[in-house]
Structures are given as C-alpha cells and as structure tokens.
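Following: one structure in structure tokens, then a few remarks.
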Amino acid sequence: MLTGKTAIITGGTRGIGLAIAKKYLENGANVAVAGSRQETVEKALQQLQAYEGRVMGIWPDLCDPGEVADAFASVKSKYGSIDILANNAGVSSRTSLYDYTLEEFSKIMDVNVKAVFVCSQAAARIMKEQGGGVILNTSSMVAEYGQPSGCGYPASKFAVNGLTRSLARELAKDHIRVNAVAPGVTRTDMVAALPQELVDRISAGIPLGRVGEPVDIANAYLYLASDMASYVTGVTLRVDGAAMT
C-alpha cells in the first residue's frame, strides 16, 4: 500500500511508533525511525534488520527547527522524498494539579505540541516542493474526555486536534493531507507493566472487551497514509474500542 513512499516516524523506537514502522515497512515504504537518543534508535533498528536498506535512524531534538530540518534533509537525501510524517512522539503525566510544576507542564507541551508544529513545518516545506504528502498526528481519547489527573496531557492532545484541523485546511491547496489517530488504552510498555487485575478492570469498561494492541493503531496509520484515504483530511480517527472514559 505504500510502495515507493518514504515515511518519518517520531517516537518510532517502541510501542505504537515501532508498530507503525513495521507496518509501513511491510507495505513497501522506506522508513526513518526518529527517537530521543541514538542508543534507543539503534536498538529499534536491530528489530528491523529484515528491512535493511529501507530503514534508517535519526535522533534530532524535535523542538529545534534547525536539527529537525537537517535530519529530514538527510532522509530526503537518502530516499529521494518525504511522503509521510507520523508525529507520534509523546509523553504523559498523572500528576495532580496541586503538585504539577510549571517545568513538568512545559515538558508535556514541548514534546506533545511544539514538536508536532516543528516537525510538521519542516515536512510540509519538503512536501510542498514535491507536490504533496501526508502528515499524521497521534492524539488520544482523553483529548475528548479528559482524565482525572495529569491535566497537561489531555490539554496537549486537544491542541494536537486543533493543529490537525487547521493544518488540514491550510495545506490542502498544496496537496498535503493532515489527519490524527486517537488511540484508546493500548498495550504499550506502560499498560504491560500494570497488574492483570487492573487491565481486566479497564477492559471491562471497553465495549469491545479488550485493550488495544499497537498493531490496531498502526493499521489506522496505514490506512490514513495510503491512497485509500486520498479524500480524507482534517479527521481525528478514534481507535479505542468505543471506550467512553
């Protein structure tokens, strides 16, 4: 579905991001995995050795426009284009408002919002020259429903939804589609570390009766990146089993 395309995936070293990378590679794309540190990127690349030649790693500071531009230029230099950007890097928090520090709130906003802006701008400049592309952002179900603590995270994801809608309208004339995926509770490292009793309790509140798997989210990313979604832009696609909280 993505043969001949090149994708950059931020937060691509584990969990949902790594699942997206695998799904894109399985479907013929070249992939640049972006992580926060060289060692985590290299560890992820070891898991993708079967696709040697079609996968590379980058580790820019996602909030630094110069570093991001240089890293994206290196991807384009190697593969000839940047057709898909998956803004998946993110950090969460469960800190009570009473204990929340400005530093913690700022970190959430930097990684979850500022980095999306910086990376989208860099990718859009390249995509416009190429005649089009796709930008995809990771939102969350809590952008709609909130959460009982850690207010910075749902606030940041609400901002991601706003960026998605606005960029979709702005960039449509340049043939750049912009969409978001809003996962529900997904079996990432954080969920895997929870007691099974708690996972069962969470699952009981999900109409489909289970938490999501990273591949469930990756499948949505595959669809939205592909030509099957050529008339879909400005959408935040919920992949949450119809969970309501």
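In the structure tokens, each chain is lettered A, B, ... as it comes, each chain's residues begin at 1, and ligands are numbered from 1 in order of appearance.
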Non-local contacts of Phe72 (chain A) (12 Å; only C-alpha atoms; under 4 positions in same chain excluded) as an mmCIF file with C-alpha atoms, in the first residue's frame:
```
data_model
loop_
_atom_site.group_PDB
_atom_site.id
_atom_site.type_symbol
_atom_site.label_atom_id
_atom_site.label_comp_id
_atom_site.auth_asym_id
_atom_site.auth_seq_id
_atom_site.Cartn_x
_atom_site.Cartn_y
_atom_site.Cartn_z
ATOM 1 C CA THR A 6 9.169 7.372 2.422
ATOM 2 C CA ALA A 7 7.949 7.914 5.977
ATOM 3 C CA ILE A 8 9.410 9.544 9.073
ATOM 4 C CA ILE A 9 8.040 8.294 12.392
ATOM 5 C CA THR A 10 8.814 10.246 15.548
ATOM 6 C CA VAL A 31 11.154 4.402 6.932
ATOM 7 C CA ALA A 32 13.198 6.778 9.086
ATOM 8 C CA VAL A 33 12.756 5.969 12.771
ATOM 9 C CA ALA A 34 13.194 9.050 14.960
ATOM 10 C CA MET A 56 17.369 4.377 8.848
ATOM 11 C CA GLY A 57 17.506 6.191 12.179
ATOM 12 C CA ILE A 58 17.590 9.855 13.206
ATOM 13 C CA TRP A 59 17.602 11.479 16.642
ATOM 14 C CA PRO A 60 17.151 15.265 16.393
ATOM 15 C CA ASP A 61 15.790 17.466 19.164
ATOM 16 C CA LEU A 62 12.215 17.632 17.891
ATOM 17 C CA PRO A 65 13.856 23.615 13.932
ATOM 18 C CA GLY A 66 17.473 23.505 12.729
ATOM 19 C CA GLU A 67 18.130 19.976 13.957
ATOM 20 C CA VAL A 68 14.811 18.741 12.576
ATOM 21 C CA LYS A 76 15.245 13.012 1.696
ATOM 22 C CA SER A 77 18.844 12.776 0.509
ATOM 23 C CA LYS A 78 18.890 9.022 1.113
ATOM 24 C CA TYR A 79 15.461 8.077 -0.214
ATOM 25 C CA GLY A 80 14.594 10.952 -2.543
ATOM 26 C CA SER A 81 11.421 12.196 -0.880
ATOM 27 C CA ILE A 82 9.447 12.532 2.337
ATOM 28 C CA ASP A 83 5.896 11.424 1.655
ATOM 29 C CA ILE A 84 4.604 10.672 5.162
ATOM 30 C CA LEU A 85 5.297 12.185 8.563
ATOM 31 C CA VAL A 118 8.214 21.988 14.305
ATOM 32 C CA CYS A 119 8.204 18.624 12.523
ATOM 33 C CA SER A 120 5.058 19.404 10.540
ATOM 34 C CA GLN A 121 6.536 22.681 9.329
ATOM 35 C CA ALA A 122 9.771 21.015 8.212
ATOM 36 C CA ALA A 123 7.957 18.182 6.457
ATOM 37 C CA ALA A 124 5.386 20.461 4.825
ATOM 38 C CA ARG A 125 8.110 22.581 3.257
ATOM 39 C CA ILE A 126 9.554 19.484 1.608
ATOM 40 C CA MET A 127 6.167 18.037 0.677
#
```
Go through region 146-172 of chain A residue by residue and, counting only C-alpha atoms, keep those with an atom at most 9 Å from region 178-193 of chain A; for each kept residue give the shortest atom pair and its distance in Å to one decimal, ordered by chain and increasing number, as a Markdown table.
```
| residue | atom | partner | partner_atom | distance |
| --- | --- | --- | --- | --- |
| A:Lys157 | CA | A:Ala182 | CA | 8.9 |
| A:Val160 | CA | A:Ala180 | CA | 8.1 |
| A:Asn161 | CA | A:Ala180 | CA | 7.1 |
| A:Thr164 | CA | A:Asn179 | CA | 5.8 |
| A:Arg165 | CA | A:Val178 | CA | 7.5 |
| A:Ser166 | CA | A:Val178 | CA | 8.9 |
| A:Leu167 | CA | A:Val178 | CA | 6.5 |
| A:Ala168 | CA | A:Val178 | CA | 4.7 |
| A:Arg169 | CA | A:Val178 | CA | 8.5 |
| A:Leu171 | CA | A:Val178 | CA | 7.9 |
| A:Ala172 | CA | A:Val178 | CA | 8.3 |
```
As a ChimeraX atom specification, please: all residues of region 4-197 of chain A that backbone DSSP puts in strand (DSSP E or B). /A:6-10,30-34,55-58,84-87,133-138,176-183,186
Proximity of region 21-131 of chain A to region 138-153 of chain A: per-residue shortest pair, 9 Å limit, only C-alpha atoms, as a Markdown table:
```
| residue | atom | partner | partner_atom | distance |
| --- | --- | --- | --- | --- |
| A:Ala86 | CA | A:Thr138 | CA | 7.7 |
| A:Asn87 | CA | A:Thr138 | CA | 6.2 |
| A:Asn88 | CA | A:Thr138 | CA | 5.1 |
| A:Ala89 | CA | A:Thr138 | CA | 7.9 |
| A:Gly90 | CA | A:Thr138 | CA | 8.2 |
| A:Val91 | CA | A:Tyr153 | CA | 7.7 |
| A:Ser92 | CA | A:Tyr153 | CA | 5.6 |
| A:Ser93 | CA | A:Gly150 | CA | 5.0 |
| A:Arg94 | CA | A:Gly150 | CA | 3.9 |
| A:Thr95 | CA | A:Gly150 | CA | 4.6 |
| A:Ser96 | CA | A:Ser149 | CA | 5.1 |
| A:Leu97 | CA | A:Gly150 | CA | 6.9 |
| A:Tyr100 | CA | A:Gly150 | CA | 7.9 |
| A:Glu104 | CA | A:Gly152 | CA | 8.5 |
| A:Phe105 | CA | A:Gly152 | CA | 5.7 |
| A:Ser106 | CA | A:Gly152 | CA | 8.5 |
| A:Ile108 | CA | A:Gly152 | CA | 6.4 |
| A:Met109 | CA | A:Gly152 | CA | 7.3 |
| A:Asn112 | CA | A:Tyr153 | CA | 8.1 |
```
Store the residues picked out above in a file with N, CA and C atoms, as a PDB file, in the first residue's frame.
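Full text of part_27.pdb as output:
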```pdb
ATOM      1  N   ALA A  86       4.748  10.839  10.507  1.00  0.00           N
ATOM      2  CA  ALA A  86       3.919  10.400  11.619  1.00  0.00           C
ATOM      3  C   ALA A  86       4.456  11.039  12.898  1.00  0.00           C
ATOM      4  N   ASN A  87       3.747  12.043  13.378  1.00  0.00           N
ATOM      5  CA  ASN A  87       4.130  12.728  14.620  1.00  0.00           C
ATOM      6  C   ASN A  87       3.609  11.916  15.801  1.00  0.00           C
ATOM      7  N   ASN A  88       4.405  10.932  16.229  1.00  0.00           N
ATOM      8  CA  ASN A  88       3.949  10.010  17.259  1.00  0.00           C
ATOM      9  C   ASN A  88       4.633  10.215  18.611  1.00  0.00           C
ATOM     10  N   ALA A  89       5.736  10.944  18.651  1.00  0.00           N
ATOM     11  CA  ALA A  89       6.449  11.143  19.919  1.00  0.00           C
ATOM     12  C   ALA A  89       5.541  11.841  20.927  1.00  0.00           C
ATOM     13  N   GLY A  90       5.585  11.371  22.166  1.00  0.00           N
ATOM     14  CA  GLY A  90       4.751  11.990  23.181  1.00  0.00           C
ATOM     15  C   GLY A  90       5.130  11.534  24.573  1.00  0.00           C
ATOM     16  N   VAL A  91       4.780  12.334  25.548  1.00  0.00           N
ATOM     17  CA  VAL A  91       4.979  11.983  26.950  1.00  0.00           C
ATOM     18  C   VAL A  91       3.682  12.253  27.704  1.00  0.00           C
ATOM     19  N   SER A  92       3.454  11.480  28.756  1.00  0.00           N
ATOM     20  CA  SER A  92       2.232  11.595  29.530  1.00  0.00           C
ATOM     21  C   SER A  92       2.545  11.954  30.969  1.00  0.00           C
ATOM     22  N   SER A  93       1.504  12.160  31.743  1.00  0.00           N
ATOM     23  CA  SER A  93       1.670  12.515  33.156  1.00  0.00           C
ATOM     24  C   SER A  93       0.369  12.246  33.892  1.00  0.00           C
ATOM     25  N   ARG A  94       0.476  11.846  35.156  1.00  0.00           N
ATOM     26  CA  ARG A  94      -0.705  11.651  36.002  1.00  0.00           C
ATOM     27  C   ARG A  94      -0.621  12.526  37.253  1.00  0.00           C
ATOM     28  N   THR A  95       0.197  13.548  37.223  1.00  0.00           N
ATOM     29  CA  THR A  95       0.397  14.400  38.394  1.00  0.00           C
ATOM     30  C   THR A  95      -0.842  15.236  38.693  1.00  0.00           C
ATOM     31  N   SER A  96      -1.186  15.312  39.968  1.00  0.00           N
ATOM     32  CA  SER A  96      -2.305  16.143  40.407  1.00  0.00           C
ATOM     33  C   SER A  96      -2.016  17.613  40.127  1.00  0.00           C
ATOM     34  N   LEU A  97      -3.075  18.361  39.861  1.00  0.00           N
ATOM     35  CA  LEU A  97      -2.927  19.800  39.649  1.00  0.00           C
ATOM     36  C   LEU A  97      -2.215  20.454  40.828  1.00  0.00           C
ATOM     37  N   TYR A 100       1.469  19.759  40.320  1.00  0.00           N
ATOM     38  CA  TYR A 100       2.033  19.976  38.979  1.00  0.00           C
ATOM     39  C   TYR A 100       2.999  21.160  39.011  1.00  0.00           C
ATOM     40  N   GLU A 104       7.139  20.573  34.530  1.00  0.00           N
ATOM     41  CA  GLU A 104       6.513  19.347  34.019  1.00  0.00           C
ATOM     42  C   GLU A 104       5.473  19.668  32.956  1.00  0.00           C
ATOM     43  N   PHE A 105       4.668  20.697  33.207  1.00  0.00           N
ATOM     44  CA  PHE A 105       3.660  21.101  32.231  1.00  0.00           C
ATOM     45  C   PHE A 105       4.321  21.531  30.919  1.00  0.00           C
ATOM     46  N   SER A 106       5.414  22.287  31.033  1.00  0.00           N
ATOM     47  CA  SER A 106       6.119  22.766  29.840  1.00  0.00           C
ATOM     48  C   SER A 106       6.708  21.610  29.042  1.00  0.00           C
ATOM     49  N   ILE A 108       5.520  18.548  28.832  1.00  0.00           N
ATOM     50  CA  ILE A 108       4.407  17.925  28.118  1.00  0.00           C
ATOM     51  C   ILE A 108       4.082  18.714  26.852  1.00  0.00           C
ATOM     52  N   MET A 109       3.983  20.023  26.976  1.00  0.00           N
ATOM     53  CA  MET A 109       3.628  20.861  25.835  1.00  0.00           C
ATOM     54  C   MET A 109       4.728  20.869  24.772  1.00  0.00           C
ATOM     55  N   ASN A 112       4.650  17.184  23.111  1.00  0.00           N
ATOM     56  CA  ASN A 112       3.372  16.795  22.515  1.00  0.00           C
ATOM     57  C   ASN A 112       2.782  17.816  21.557  1.00  0.00           C
TER      58      ASN A 112
END
```
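For Gln46 (chain A), the list of residues within 12 Å, based on only C-alpha atoms and with local chain neighbours fewer than 6 positions off taken out, reads Thr13, Arg14, Leu18, Val33, Glu39, Thr40, Glu52, Val55, Met56 and Gly57 of chain A.
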Which residues are near Ile20 (chain A)? Cut-off 9 Å, only C-alpha atoms, ignore same chain within fewer than 5 positions. Put them as a VMD selection string. chain A and resid 9 12 15 25 86 214 to 215 217 to 219 221 to 222
Keeping only N, CA and C atoms, write the selected residues to a file as a PDB file, in the first residue's frame.
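Saved as selection.pdb:
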```
ATOM      1  N   ILE A   9       8.887   8.586  11.243  1.00  0.00           N
ATOM      2  CA  ILE A   9       8.040   8.294  12.392  1.00  0.00           C
ATOM      3  C   ILE A   9       8.749   8.763  13.648  1.00  0.00           C
ATOM      4  N   GLY A  12       9.450   6.532  17.240  1.00  0.00           N
ATOM      5  CA  GLY A  12       9.335   5.279  16.491  1.00  0.00           C
ATOM      6  C   GLY A  12      10.149   4.120  17.040  1.00  0.00           C
ATOM      7  N   GLY A  15       6.717   0.624  21.217  1.00  0.00           N
ATOM      8  CA  GLY A  15       5.281   0.764  21.325  1.00  0.00           C
ATOM      9  C   GLY A  15       4.576   1.024  20.006  1.00  0.00           C
ATOM     10  N   LEU A  25       6.905  -0.639   6.730  1.00  0.00           N
ATOM     11  CA  LEU A  25       7.925  -1.423   6.036  1.00  0.00           C
ATOM     12  C   LEU A  25       7.312  -2.647   5.367  1.00  0.00           C
ATOM     13  N   ALA A  86       4.748  10.839  10.507  1.00  0.00           N
ATOM     14  CA  ALA A  86       3.919  10.400  11.619  1.00  0.00           C
ATOM     15  C   ALA A  86       4.456  11.039  12.898  1.00  0.00           C
ATOM     16  N   PRO A 214      -0.786  -2.367  19.840  1.00  0.00           N
ATOM     17  CA  PRO A 214      -0.119  -1.397  18.963  1.00  0.00           C
ATOM     18  C   PRO A 214      -0.444  -1.572  17.488  1.00  0.00           C
ATOM     19  N   VAL A 215      -0.618  -2.818  17.053  1.00  0.00           N
ATOM     20  CA  VAL A 215      -0.912  -3.046  15.636  1.00  0.00           C
ATOM     21  C   VAL A 215      -2.279  -2.478  15.260  1.00  0.00           C
ATOM     22  N   ILE A 217      -3.480   0.326  16.246  1.00  0.00           N
ATOM     23  CA  ILE A 217      -3.229   1.740  15.955  1.00  0.00           C
ATOM     24  C   ILE A 217      -2.445   1.868  14.647  1.00  0.00           C
ATOM     25  N   ALA A 218      -1.480   0.968  14.457  1.00  0.00           N
ATOM     26  CA  ALA A 218      -0.667   1.003  13.240  1.00  0.00           C
ATOM     27  C   ALA A 218      -1.518   0.794  11.998  1.00  0.00           C
ATOM     28  N   ASN A 219      -2.534  -0.043  12.093  1.00  0.00           N
ATOM     29  CA  ASN A 219      -3.416  -0.260  10.946  1.00  0.00           C
ATOM     30  C   ASN A 219      -4.137   1.021  10.548  1.00  0.00           C
ATOM     31  N   TYR A 221      -2.971   4.024  11.049  1.00  0.00           N
ATOM     32  CA  TYR A 221      -1.929   4.847  10.438  1.00  0.00           C
ATOM     33  C   TYR A 221      -1.653   4.424   9.000  1.00  0.00           C
ATOM     34  N   LEU A 222      -1.718   3.121   8.740  1.00  0.00           N
ATOM     35  CA  LEU A 222      -1.505   2.630   7.380  1.00  0.00           C
ATOM     36  C   LEU A 222      -2.603   3.128   6.455  1.00  0.00           C
TER      37      LEU A 222
END
```
Every residue of region 1-227 of chain A that DSSP places in helix (DSSP H, G or I), as an NGL selection string: :A and (15-26 or 38-46 or 49-51 or 65-79 or 102-130 or 142-145 or 152-174 or 189-192 or 196-204 or 214-225 or 227)
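Among the candidates A:Lys128, A:Ala159, A:Ala29, A:Asp99, the residue lying nearest to Val116 (chain A) is A:Ala159 (atoms considered: only C-alpha atoms).
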